[in-house]
file final05.cif (mmCIF, C-alpha atoms, pLDDT in the B column; chains and numbers go by the auth columns)
data_coords
loop_
_atom_site.group_PDB
_atom_site.id
_atom_site.type_symbol
_atom_site.label_atom_id
_atom_site.label_comp_id
_atom_site.label_asym_id
_atom_site.label_seq_id
_atom_site.Cartn_x
_atom_site.Cartn_y
_atom_site.Cartn_z
_atom_site.B_iso_or_equiv
_atom_site.auth_seq_id
_atom_site.auth_asym_id
ATOM 1 C CA MET A 1 0.000 0.000 0.000 71.00 1 A
ATOM 2 C CA LEU A 2 2.775 2.423 0.947 76.00 2 A
ATOM 3 C CA TRP A 3 4.730 1.619 -2.218 75.00 3 A
ATOM 4 C CA TYR A 4 1.685 2.086 -4.410 78.00 4 A
ATOM 5 C CA LYS A 5 0.816 5.393 -2.728 79.00 5 A
ATOM 6 C CA ALA A 6 4.392 6.634 -3.198 81.00 6 A
ATOM 7 C CA TRP A 7 4.234 5.659 -6.872 83.00 7 A
ATOM 8 C CA LEU A 8 0.943 7.514 -7.356 83.00 8 A
ATOM 9 C CA GLU A 9 2.418 10.648 -5.788 84.00 9 A
ATOM 10 C CA THR A 10 5.497 10.707 -8.020 88.00 10 A
ATOM 11 C CA ARG A 11 4.549 8.933 -11.251 90.00 11 A
ATOM 12 C CA SER A 12 3.631 12.067 -13.210 92.00 12 A
ATOM 13 C CA ARG A 13 6.981 13.729 -12.484 93.00 13 A
ATOM 14 C CA PHE A 14 8.821 10.504 -13.241 94.00 14 A
ATOM 15 C CA LEU A 15 7.070 9.862 -16.555 96.00 15 A
ATOM 16 C CA VAL A 16 7.470 13.453 -17.725 96.00 16 A
ATOM 17 C CA GLY A 17 11.164 13.313 -16.860 95.00 17 A
ATOM 18 C CA LEU A 18 11.663 9.971 -18.594 96.00 18 A
ATOM 19 C CA VAL A 19 9.999 11.093 -21.826 97.00 19 A
ATOM 20 C CA LEU A 20 11.822 14.432 -21.811 96.00 20 A
ATOM 21 C CA LEU A 21 15.241 12.875 -21.229 96.00 21 A
ATOM 22 C CA ILE A 22 14.740 10.211 -23.895 96.00 22 A
ATOM 23 C CA VAL A 23 13.767 12.870 -26.433 96.00 23 A
ATOM 24 C CA VAL A 24 16.785 15.009 -25.529 96.00 24 A
ATOM 25 C CA ALA A 25 19.111 11.977 -25.681 95.00 25 A
ATOM 26 C CA CYS A 26 17.870 11.117 -29.161 95.00 26 A
ATOM 27 C CA GLY A 27 18.305 14.729 -30.252 94.00 27 A
ATOM 28 C CA THR A 28 21.860 14.782 -28.906 93.00 28 A
ATOM 29 C CA VAL A 29 22.808 11.807 -31.066 94.00 29 A
ATOM 30 C CA PHE A 30 21.404 13.258 -34.267 93.00 30 A
ATOM 31 C CA ASP A 31 22.850 16.703 -33.506 90.00 31 A
ATOM 32 C CA TYR A 32 26.266 15.195 -34.225 88.00 32 A
ATOM 33 C CA LEU A 33 25.507 15.348 -37.938 86.00 33 A
ATOM 34 C CA ALA A 34 25.169 19.129 -37.692 82.00 34 A
ATOM 35 C CA VAL A 35 28.268 19.363 -35.499 78.00 35 A
ATOM 36 C CA GLU A 36 30.325 17.568 -38.166 72.00 36 A
ATOM 37 C CA THR A 37 29.295 20.077 -40.810 78.00 37 A
ATOM 38 C CA LEU A 38 30.192 23.031 -38.572 70.00 38 A
ATOM 39 C CA MET A 39 33.509 21.654 -37.381 63.00 39 A
ATOM 40 C CA PRO A 40 35.604 23.302 -40.175 60.00 40 A
ATOM 41 C CA LEU A 41 34.528 26.677 -38.752 59.00 41 A
ATOM 42 C CA ALA A 42 36.111 25.873 -35.376 56.00 42 A
ATOM 43 C CA SER A 43 39.495 27.179 -36.526 59.00 43 A
ATOM 44 C CA THR A 44 38.000 30.643 -37.040 60.00 44 A
ATOM 45 C CA ILE A 45 36.840 31.049 -33.430 59.00 45 A
ATOM 46 C CA ASP A 46 38.354 34.036 -31.630 55.00 46 A
ATOM 47 C CA THR A 47 39.785 32.600 -28.406 56.00 47 A
ATOM 48 C CA ARG A 48 40.785 35.914 -26.812 60.00 48 A
ATOM 49 C CA GLY A 49 37.633 36.199 -24.722 56.00 49 A
ATOM 50 C CA GLU A 50 36.091 33.822 -22.188 57.00 50 A
ATOM 51 C CA ILE A 51 33.231 32.909 -24.518 59.00 51 A
ATOM 52 C CA GLY A 52 35.701 32.202 -27.310 56.00 52 A
ATOM 53 C CA ARG A 53 37.760 29.929 -25.089 65.00 53 A
ATOM 54 C CA LEU A 54 34.652 28.030 -24.053 65.00 54 A
ATOM 55 C CA LEU A 55 33.543 27.600 -27.644 61.00 55 A
ATOM 56 C CA LYS A 56 37.011 26.418 -28.667 65.00 56 A
ATOM 57 C CA GLU A 57 37.126 23.915 -25.802 69.00 57 A
ATOM 58 C CA THR A 58 33.683 22.576 -26.729 68.00 58 A
ATOM 59 C CA ALA A 59 34.629 22.333 -30.400 66.00 59 A
ATOM 60 C CA ASP A 60 37.840 20.449 -29.628 65.00 60 A
ATOM 61 C CA LEU A 61 35.999 17.942 -27.448 70.00 61 A
ATOM 62 C CA SER A 62 33.213 17.517 -30.020 72.00 62 A
ATOM 63 C CA ARG A 63 35.490 16.505 -32.896 80.00 63 A
ATOM 64 C CA GLU A 64 34.844 12.881 -31.936 86.00 64 A
ATOM 65 C CA PHE A 65 31.431 11.355 -31.248 89.00 65 A
ATOM 66 C CA ARG A 66 32.401 10.266 -27.725 91.00 66 A
ATOM 67 C CA GLY A 67 33.464 13.823 -26.863 90.00 67 A
ATOM 68 C CA HIS A 68 30.304 15.266 -28.371 90.00 68 A
ATOM 69 C CA ILE A 69 28.139 12.945 -26.275 93.00 69 A
ATOM 70 C CA TRP A 70 29.999 13.787 -23.094 91.00 70 A
ATOM 71 C CA VAL A 71 29.881 17.548 -23.637 90.00 71 A
ATOM 72 C CA GLN A 72 26.290 17.803 -24.800 91.00 72 A
ATOM 73 C CA TRP A 73 24.655 14.955 -22.898 93.00 73 A
ATOM 74 C CA PHE A 74 26.541 13.912 -19.782 94.00 74 A
ATOM 75 C CA ARG A 75 28.096 17.282 -18.880 91.00 75 A
ATOM 76 C CA GLN A 76 25.153 19.472 -19.836 91.00 76 A
ATOM 77 C CA ASN A 77 21.706 18.098 -20.656 93.00 77 A
ATOM 78 C CA LEU A 78 21.598 14.989 -18.467 94.00 78 A
ATOM 79 C CA THR A 79 23.298 16.698 -15.525 94.00 79 A
ATOM 80 C CA GLN A 80 21.074 19.778 -15.627 94.00 80 A
ATOM 81 C CA ILE A 81 17.754 18.091 -16.333 95.00 81 A
ATOM 82 C CA GLY A 82 18.651 15.167 -14.062 94.00 82 A
ATOM 83 C CA THR A 83 19.314 17.534 -11.162 95.00 83 A
ATOM 84 C CA LEU A 84 15.964 19.227 -11.689 95.00 84 A
ATOM 85 C CA PHE A 85 14.042 15.949 -11.648 95.00 85 A
ATOM 86 C CA ALA A 86 16.027 14.629 -8.686 95.00 86 A
ATOM 87 C CA VAL A 87 14.767 17.649 -6.763 95.00 87 A
ATOM 88 C CA LEU A 88 11.235 17.239 -8.130 94.00 88 A
ATOM 89 C CA LEU A 89 11.097 13.572 -7.122 94.00 89 A
ATOM 90 C CA GLY A 90 12.381 14.365 -3.638 92.00 90 A
ATOM 91 C CA SER A 91 10.079 17.326 -3.031 90.00 91 A
ATOM 92 C CA GLY A 92 6.521 16.953 -1.837 79.00 92 A
ATOM 93 C CA SER A 93 5.897 16.920 1.854 62.00 93 A
ATOM 94 C CA LEU A 94 4.289 14.043 3.679 64.00 94 A
ATOM 95 C CA LEU A 95 3.159 16.743 6.100 55.00 95 A
ATOM 96 C CA SER A 96 0.960 18.579 3.623 52.00 96 A
ATOM 97 C CA HIS A 97 -2.634 18.907 4.799 48.00 97 A
ATOM 98 C CA THR A 98 -4.035 20.298 1.563 45.00 98 A
ATOM 99 C CA SER A 99 -5.745 17.049 0.608 43.00 99 A
ATOM 100 C CA GLY A 100 -5.856 15.234 3.907 47.00 100 A
ATOM 101 C CA GLY A 101 -3.270 12.804 2.570 51.00 101 A
ATOM 102 C CA ALA A 102 -0.894 13.312 5.479 52.00 102 A
ATOM 103 C CA LEU A 103 -3.424 12.262 8.099 50.00 103 A
ATOM 104 C CA PHE A 104 -4.395 9.227 6.021 52.00 104 A
ATOM 105 C CA THR A 105 -0.769 8.190 5.601 56.00 105 A
ATOM 106 C CA LEU A 106 0.077 8.620 9.267 56.00 106 A
ATOM 107 C CA SER A 107 -3.006 6.609 10.283 57.00 107 A
ATOM 108 C CA MET A 108 -1.674 3.563 8.453 58.00 108 A
ATOM 109 C CA PRO A 109 -0.088 0.731 10.503 58.00 109 A
ATOM 110 C CA ALA A 110 3.485 1.768 9.717 60.00 110 A
ATOM 111 C CA SER A 111 6.077 3.854 11.522 72.00 111 A
ATOM 112 C CA ARG A 112 6.897 7.319 10.285 71.00 112 A
ATOM 113 C CA SER A 113 10.406 6.137 9.428 77.00 113 A
ATOM 114 C CA ARG A 114 8.997 3.382 7.232 80.00 114 A
ATOM 115 C CA VAL A 115 6.620 5.796 5.513 81.00 115 A
ATOM 116 C CA LEU A 116 9.501 8.129 4.716 86.00 116 A
ATOM 117 C CA GLY A 117 11.787 5.236 3.795 86.00 117 A
ATOM 118 C CA VAL A 118 9.325 3.866 1.249 88.00 118 A
ATOM 119 C CA ARG A 119 8.792 7.321 -0.207 89.00 119 A
ATOM 120 C CA ALA A 120 12.546 7.902 -0.514 92.00 120 A
ATOM 121 C CA ALA A 121 13.234 4.433 -1.926 93.00 121 A
ATOM 122 C CA THR A 122 10.540 4.900 -4.575 94.00 122 A
ATOM 123 C CA GLY A 123 11.990 8.235 -5.617 94.00 123 A
ATOM 124 C CA LEU A 124 15.515 6.835 -5.767 95.00 124 A
ATOM 125 C CA MET A 125 14.426 3.926 -7.957 96.00 125 A
ATOM 126 C CA GLU A 126 12.685 6.353 -10.300 96.00 126 A
ATOM 127 C CA PHE A 127 15.755 8.573 -10.396 97.00 127 A
ATOM 128 C CA PHE A 128 17.924 5.525 -11.150 97.00 128 A
ATOM 129 C CA VAL A 129 15.753 4.791 -14.187 97.00 129 A
ATOM 130 C CA LEU A 130 16.004 8.436 -15.296 96.00 130 A
ATOM 131 C CA ALA A 131 19.799 8.292 -15.018 95.00 131 A
ATOM 132 C CA LEU A 132 20.295 5.061 -16.965 96.00 132 A
ATOM 133 C CA VAL A 133 17.500 4.449 -19.475 96.00 133 A
ATOM 134 C CA PRO A 134 17.934 7.658 -21.549 96.00 134 A
ATOM 135 C CA SER A 135 21.709 7.132 -21.572 95.00 135 A
ATOM 136 C CA ILE A 136 21.254 3.617 -22.976 95.00 136 A
ATOM 137 C CA MET A 137 19.550 5.232 -25.968 95.00 137 A
ATOM 138 C CA ILE A 138 22.941 6.683 -26.983 95.00 138 A
ATOM 139 C CA PRO A 139 24.635 3.374 -27.963 95.00 139 A
ATOM 140 C CA LEU A 140 21.375 2.115 -29.467 95.00 140 A
ATOM 141 C CA LEU A 141 21.002 5.136 -31.772 94.00 141 A
ATOM 142 C CA ALA A 142 24.674 5.803 -32.524 94.00 142 A
ATOM 143 C CA PRO A 143 24.733 3.516 -35.623 94.00 143 A
ATOM 144 C CA ALA A 144 22.013 5.722 -37.144 93.00 144 A
ATOM 145 C CA VAL A 145 24.618 8.496 -37.538 91.00 145 A
ATOM 146 C CA GLY A 146 27.414 6.136 -38.538 90.00 146 A
ATOM 147 C CA GLU A 147 29.048 6.053 -35.106 91.00 147 A
ATOM 148 C CA SER A 148 29.326 3.709 -32.142 92.00 148 A
ATOM 149 C CA TYR A 149 29.232 4.265 -28.407 94.00 149 A
ATOM 150 C CA SER A 150 30.114 1.886 -25.604 94.00 150 A
ATOM 151 C CA VAL A 151 27.250 0.563 -23.499 95.00 151 A
ATOM 152 C CA LEU A 152 29.704 0.363 -20.597 95.00 152 A
ATOM 153 C CA ASP A 153 30.487 4.079 -20.920 94.00 153 A
ATOM 154 C CA ALA A 154 26.777 4.895 -20.905 95.00 154 A
ATOM 155 C CA LEU A 155 26.232 2.791 -17.781 96.00 155 A
ATOM 156 C CA VAL A 156 29.225 4.248 -15.924 96.00 156 A
ATOM 157 C CA HIS A 157 28.176 7.826 -16.635 95.00 157 A
ATOM 158 C CA GLY A 158 24.594 6.986 -15.684 95.00 158 A
ATOM 159 C CA VAL A 159 25.680 5.502 -12.348 96.00 159 A
ATOM 160 C CA CYS A 160 27.860 8.555 -11.629 95.00 160 A
ATOM 161 C CA LEU A 161 24.888 10.807 -12.266 96.00 161 A
ATOM 162 C CA PHE A 162 22.628 8.707 -10.055 97.00 162 A
ATOM 163 C CA ILE A 163 24.981 8.542 -7.058 96.00 163 A
ATOM 164 C CA ALA A 164 26.005 12.201 -7.143 95.00 164 A
ATOM 165 C CA GLY A 165 22.554 13.453 -8.141 95.00 165 A
ATOM 166 C CA ALA A 166 21.014 11.571 -5.218 96.00 166 A
ATOM 167 C CA THR A 167 22.453 14.267 -2.947 96.00 167 A
ATOM 168 C CA PHE A 168 19.996 16.795 -4.389 96.00 168 A
ATOM 169 C CA PHE A 169 17.171 14.264 -4.083 96.00 169 A
ATOM 170 C CA SER A 170 18.096 13.666 -0.436 96.00 170 A
ATOM 171 C CA LEU A 171 18.294 17.398 0.235 96.00 171 A
ATOM 172 C CA ALA A 172 14.787 17.832 -1.191 95.00 172 A
ATOM 173 C CA VAL A 173 13.510 14.973 0.988 94.00 173 A
ATOM 174 C CA LEU A 174 15.081 16.538 4.084 93.00 174 A
ATOM 175 C CA LEU A 175 13.588 19.938 3.298 93.00 175 A
ATOM 176 C CA SER A 176 10.213 18.282 2.710 90.00 176 A
ATOM 177 C CA THR A 177 10.185 17.157 6.356 88.00 177 A
ATOM 178 C CA VAL A 178 10.690 20.776 7.408 88.00 178 A
ATOM 179 C CA PHE A 179 8.215 22.557 5.135 86.00 179 A
ATOM 180 C CA ASN A 180 4.610 21.522 4.513 82.00 180 A
ATOM 181 C CA ASP A 181 4.470 22.462 0.833 82.00 181 A
ATOM 182 C CA LEU A 182 6.065 21.479 -2.460 83.00 182 A
ATOM 183 C CA TRP A 183 7.539 24.786 -3.558 87.00 183 A
ATOM 184 C CA ARG A 184 9.881 25.757 -0.729 90.00 184 A
ATOM 185 C CA PRO A 185 11.860 22.470 -0.759 91.00 185 A
ATOM 186 C CA LEU A 186 11.937 22.622 -4.557 92.00 186 A
ATOM 187 C CA LEU A 187 13.137 26.225 -4.760 94.00 187 A
ATOM 188 C CA ILE A 188 15.692 25.932 -1.940 93.00 188 A
ATOM 189 C CA ALA A 189 17.203 22.740 -3.365 94.00 189 A
ATOM 190 C CA CYS A 190 17.390 24.290 -6.845 94.00 190 A
ATOM 191 C CA ALA A 191 19.028 27.408 -5.391 95.00 191 A
ATOM 192 C CA VAL A 192 21.650 25.229 -3.682 94.00 192 A
ATOM 193 C CA ALA A 193 22.298 23.407 -6.966 93.00 193 A
ATOM 194 C CA VAL A 194 22.708 26.685 -8.905 93.00 194 A
ATOM 195 C CA THR A 195 25.057 28.069 -6.237 92.00 195 A
ATOM 196 C CA LEU A 196 27.230 24.945 -6.280 90.00 196 A
ATOM 197 C CA ALA A 197 27.314 24.892 -10.087 87.00 197 A
ATOM 198 C CA THR A 198 28.313 28.580 -10.229 85.00 198 A
ATOM 199 C CA GLY A 199 31.047 28.158 -7.641 80.00 199 A
ATOM 200 C CA GLU A 200 32.361 25.053 -9.347 77.00 200 A
ATOM 201 C CA TYR A 201 32.466 26.828 -12.708 70.00 201 A
ATOM 202 C CA VAL A 202 34.293 29.868 -11.311 71.00 202 A
ATOM 203 C CA LEU A 203 36.906 27.715 -9.563 72.00 203 A
ATOM 204 C CA GLY A 204 37.398 25.656 -12.704 65.00 204 A
ATOM 205 C CA ARG A 205 37.928 28.705 -14.906 62.00 205 A
ATOM 206 C CA LEU A 206 40.381 30.232 -12.393 58.00 206 A
ATOM 207 C CA THR A 207 42.359 27.002 -12.503 58.00 207 A
ATOM 208 C CA VAL A 208 42.400 26.894 -16.297 53.00 208 A
ATOM 209 C CA SER A 209 43.363 30.577 -16.598 55.00 209 A
ATOM 210 C CA GLY A 210 46.318 30.126 -14.246 51.00 210 A
ATOM 211 C CA VAL A 211 45.003 32.250 -11.367 50.00 211 A
ATOM 212 C CA MET A 212 45.105 29.072 -9.299 47.00 212 A
ATOM 213 C CA PRO A 213 47.781 26.379 -9.659 50.00 213 A
ATOM 214 C CA LEU A 214 47.149 23.953 -12.521 44.00 214 A
ATOM 215 C CA SER A 215 47.530 21.108 -10.041 46.00 215 A
ATOM 216 C CA PHE A 216 44.524 22.423 -8.119 48.00 216 A
ATOM 217 C CA GLN A 217 41.529 20.321 -9.006 52.00 217 A
ATOM 218 C CA PRO A 218 38.516 21.568 -7.060 50.00 218 A
ATOM 219 C CA PHE A 219 36.061 18.899 -5.999 63.00 219 A
ATOM 220 C CA GLY A 220 32.701 19.526 -7.551 84.00 220 A
ATOM 221 C CA ILE A 221 29.487 17.564 -7.339 91.00 221 A
ATOM 222 C CA PHE A 222 28.684 18.298 -10.973 92.00 222 A
ATOM 223 C CA ARG A 223 32.085 17.065 -12.134 91.00 223 A
ATOM 224 C CA VAL A 224 31.283 13.807 -10.375 93.00 224 A
ATOM 225 C CA MET A 225 27.784 13.699 -11.883 93.00 225 A
ATOM 226 C CA SER A 226 29.152 14.111 -15.405 91.00 226 A
ATOM 227 C CA GLY A 227 31.824 11.457 -14.884 91.00 227 A
ATOM 228 C CA GLU A 228 34.514 13.860 -16.067 89.00 228 A
ATOM 229 C CA ALA A 229 37.343 11.821 -14.562 90.00 229 A
ATOM 230 C CA TYR A 230 36.117 8.697 -16.337 92.00 230 A
ATOM 231 C CA PHE A 231 35.801 10.528 -19.658 91.00 231 A
ATOM 232 C CA ARG A 232 39.251 12.104 -19.508 87.00 232 A
ATOM 233 C CA SER A 233 41.317 9.343 -17.887 88.00 233 A
ATOM 234 C CA GLY A 234 39.148 6.246 -17.632 87.00 234 A
ATOM 235 C CA GLY A 235 39.190 6.319 -13.825 88.00 235 A
ATOM 236 C CA LEU A 236 36.124 6.554 -11.640 90.00 236 A
ATOM 237 C CA PRO A 237 35.833 9.486 -9.196 89.00 237 A
ATOM 238 C CA TRP A 238 35.764 7.170 -6.188 92.00 238 A
ATOM 239 C CA LEU A 239 36.315 9.888 -3.587 92.00 239 A
ATOM 240 C CA GLY A 240 33.495 11.997 -4.987 92.00 240 A
ATOM 241 C CA LEU A 241 31.141 9.027 -5.261 94.00 241 A
ATOM 242 C CA LEU A 242 31.858 7.933 -1.686 95.00 242 A
ATOM 243 C CA ALA A 243 31.417 11.490 -0.398 94.00 243 A
ATOM 244 C CA ALA A 244 28.122 11.875 -2.278 95.00 244 A
ATOM 245 C CA THR A 245 26.860 8.559 -0.886 96.00 245 A
ATOM 246 C CA ALA A 246 27.764 9.568 2.665 96.00 246 A
ATOM 247 C CA ILE A 247 26.119 12.989 2.296 95.00 247 A
ATOM 248 C CA SER A 248 22.931 11.465 0.858 95.00 248 A
ATOM 249 C CA ALA A 249 22.732 8.856 3.625 96.00 249 A
ATOM 250 C CA THR A 250 23.251 11.524 6.288 96.00 250 A
ATOM 251 C CA MET A 251 20.500 13.745 4.917 95.00 251 A
ATOM 252 C CA LEU A 252 18.050 10.850 4.581 94.00 252 A
ATOM 253 C CA TYR A 253 18.813 9.791 8.158 93.00 253 A
ATOM 254 C CA ALA A 254 18.254 13.367 9.337 93.00 254 A
ATOM 255 C CA ALA A 255 14.978 13.433 7.394 92.00 255 A
ATOM 256 C CA ALA A 256 13.807 10.242 9.130 89.00 256 A
ATOM 257 C CA ARG A 257 14.685 11.595 12.577 88.00 257 A
ATOM 258 C CA ASN A 258 12.989 14.891 11.794 87.00 258 A
ATOM 259 C CA MET A 259 9.888 13.044 10.635 82.00 259 A
ATOM 260 C CA GLU A 260 9.721 11.117 13.901 79.00 260 A
ATOM 261 C CA ARG A 261 9.977 14.266 15.991 77.00 261 A
ATOM 262 C CA ARG A 262 7.334 16.283 14.151 65.00 262 A
ATOM 263 C CA ASP A 263 4.139 17.005 16.066 57.00 263 A
ATOM 264 C CA PHE A 264 1.046 16.496 13.888 51.00 264 A
#
call {"tool": "encode", "arguments": {"input": "final05.cif", "output": "structure tokens"}}
result
Amino acid sequence: MLWYKAWLETRSRFLVGLVLLIVVACGTVFDYLAVETLMPLASTIDTRGEIGRLLKETADLSREFRGHIWVQWFRQNLTQIGTLFAVLLGSGSLLSHTSGGALFTLSMPASRSRVLGVRAATGLMEFFVLALVPSIMIPLLAPAVGESYSVLDALVHGVCLFIAGATFFSLAVLLSTVFNDLWRPLLIACAVAVTLATGEYVLGRLTVSGVMPLSFQPFGIFRVMSGEAYFRSGGLPWLGLLAATAISATMLYAAARNMERRDF
């Protein structure tokens, strides 16, 4: 009963996210045909400004299909849209009284921790599907543009996104035990994500420009989500994945304790 109720509460967000990500993944594959035609123009890019340097970096990475997929899909589209839907799946308070659903849920023969645990587990399973299924479309569709892509690479990047992205899901769940509405957890979690992404970008550009030592590699949750280390060197970002797992577990534990202490 609890599992079915959790599915009913989140299925619309999950299905919208799944369809959207699959469409974007398919578009990313076929966009490579246009990228190939524009590649001769890459040598004419003015690299004196920041925008020029970014365009040149993107063009250099996109010369090969694997680089194009990483830049456009794993570093940008999947990471950004995946973060949004991780927050959406985690938001939605069990404490909301707008429809009487909270009182019904709490009257069921289950502890508050179990109610929250089932809700969180359902959301994480849905997020896992969102992280992997659209990415699997890449190797399936690659032959349509005369290219190939490793299924293993798609799975590794998908798992990186799921583990690191689960931190934003867990943050939304924690905030949903504090606030009784959907919007405040959603907006706060999104604001945290934007702040982290901005800080990570600024630190990265300072490192590249030489303001910070080249050996300085700032840890960033979005670098872990995109699997940048795996793309560039073939190694998994173990430290980042372990840190993300620990942070997610801590926030979910705090959410469960907070749920138990709330006075209804």
call {"tool": "residues_around", "arguments": {"input": "final05.cif", "residues": "A:Ala254", "least_positions_apart": "2", "cutoff": "12 Å", "atoms": "only C-alpha atoms", "output": "VMD selection string"}}
result
chain A and resid 113 116 to 117 170 to 178 247 to 252 256 to 261
call {"tool": "closest_residue", "arguments": {"input": "final05.cif", "among": "A:Thr167, A:Gln80, A:Phe231, A:Val129", "to": "A:Leu152", "atoms": "all atoms listed in the file"}}
result
A:Phe231
call {"tool": "resolve_selection", "arguments": {"input": "final05.cif", "expression": "the PyMOL selection byres ((chain A and resi 84) around 10)", "output": "list in words"}}
result
Gly17, Leu78, Thr79, Gln80, Ile81, Gly82, Thr83, Phe85, Ala86, Val87, Leu88, Leu89, Gly165, Phe168, Phe169, Leu186, Ala189, Cys190 and Ala193 of chain A
call {"tool": "resolve_selection", "arguments": {"input": "final05.cif", "expression": "the PyMOL selection byres ((chain A and resi 77) around 12)", "output": "PyMOL selection string"}}
result
chain A and resi 20-28+68-76+78-84+131+134-135+161+222+225-226
call {"tool": "residues_near_point", "arguments": {"input": "final05.cif", "point": "(11.1, 5.5, -13.4)", "cutoff": "7 Å", "atoms": "only C-alpha atoms", "output": "list in words"}}
result
Phe14, Leu15, Leu18, Met125, Glu126, Phe127, Val129 and Leu130 of chain A
call {"tool": "atom_distance", "arguments": {"input": "final05.cif", "atom1": "atom CA of A:Ala154", "atom2": "atom CA of A:Val133"}}
result
9.4 Å
call {"tool": "atom_distance", "arguments": {"input": "final05.cif", "atom1": "atom CA of A:Arg63", "atom2": "atom CA of A:Met137"}}
result
20.7 Å
call {"tool": "resolve_selection", "arguments": {"input": "final05.cif", "expression": "the PyMOL selection byres ((chain A and resi 147) around 10)", "output": "ChimeraX atom specification"}}
result
/A:29,32,64-66,139,141-146,148-149
call {"tool": "closest_residue", "arguments": {"input": "final05.cif", "among": "A:Met1, A:Ile188, A:Leu236, A:Leu61", "to": "A:Val159", "atoms": "all atoms listed in the file"}}
result
A:Leu236
call {"tool": "closest_residue", "arguments": {"input": "final05.cif", "among": "A:Val156, A:Ile221, A:Val19, A:Ala120", "to": "A:Leu2", "atoms": "all atoms listed in the file"}}
result
A:Ala120
call {"tool": "residues_around", "arguments": {"input": "final05.cif", "residues": "A:Thr245", "least_positions_apart": "6", "cutoff": "9 Å", "atoms": "all atoms listed in the file", "output": "list in words"}}
result
Ile163, Ala164, Ala166 and Thr167 of chain A
call {"tool": "axis_aligned_box", "arguments": {"input": "final05.cif", "around": "stretch 177-193 of chain A", "padding_each_side": "6 Å", "output": "AutoDock Vina command-line options"}}
result
--center_x 13.4 --center_y 22.3 --center_z 0.2 --size_x 29.8 --size_y 22.3 --size_z 26.4
call {"tool": "atom_distance", "arguments": {"input": "final05.cif", "atom1": "atom CA of A:Ser12", "atom2": "atom CA of A:Gly123"}}
result
11.9 Å
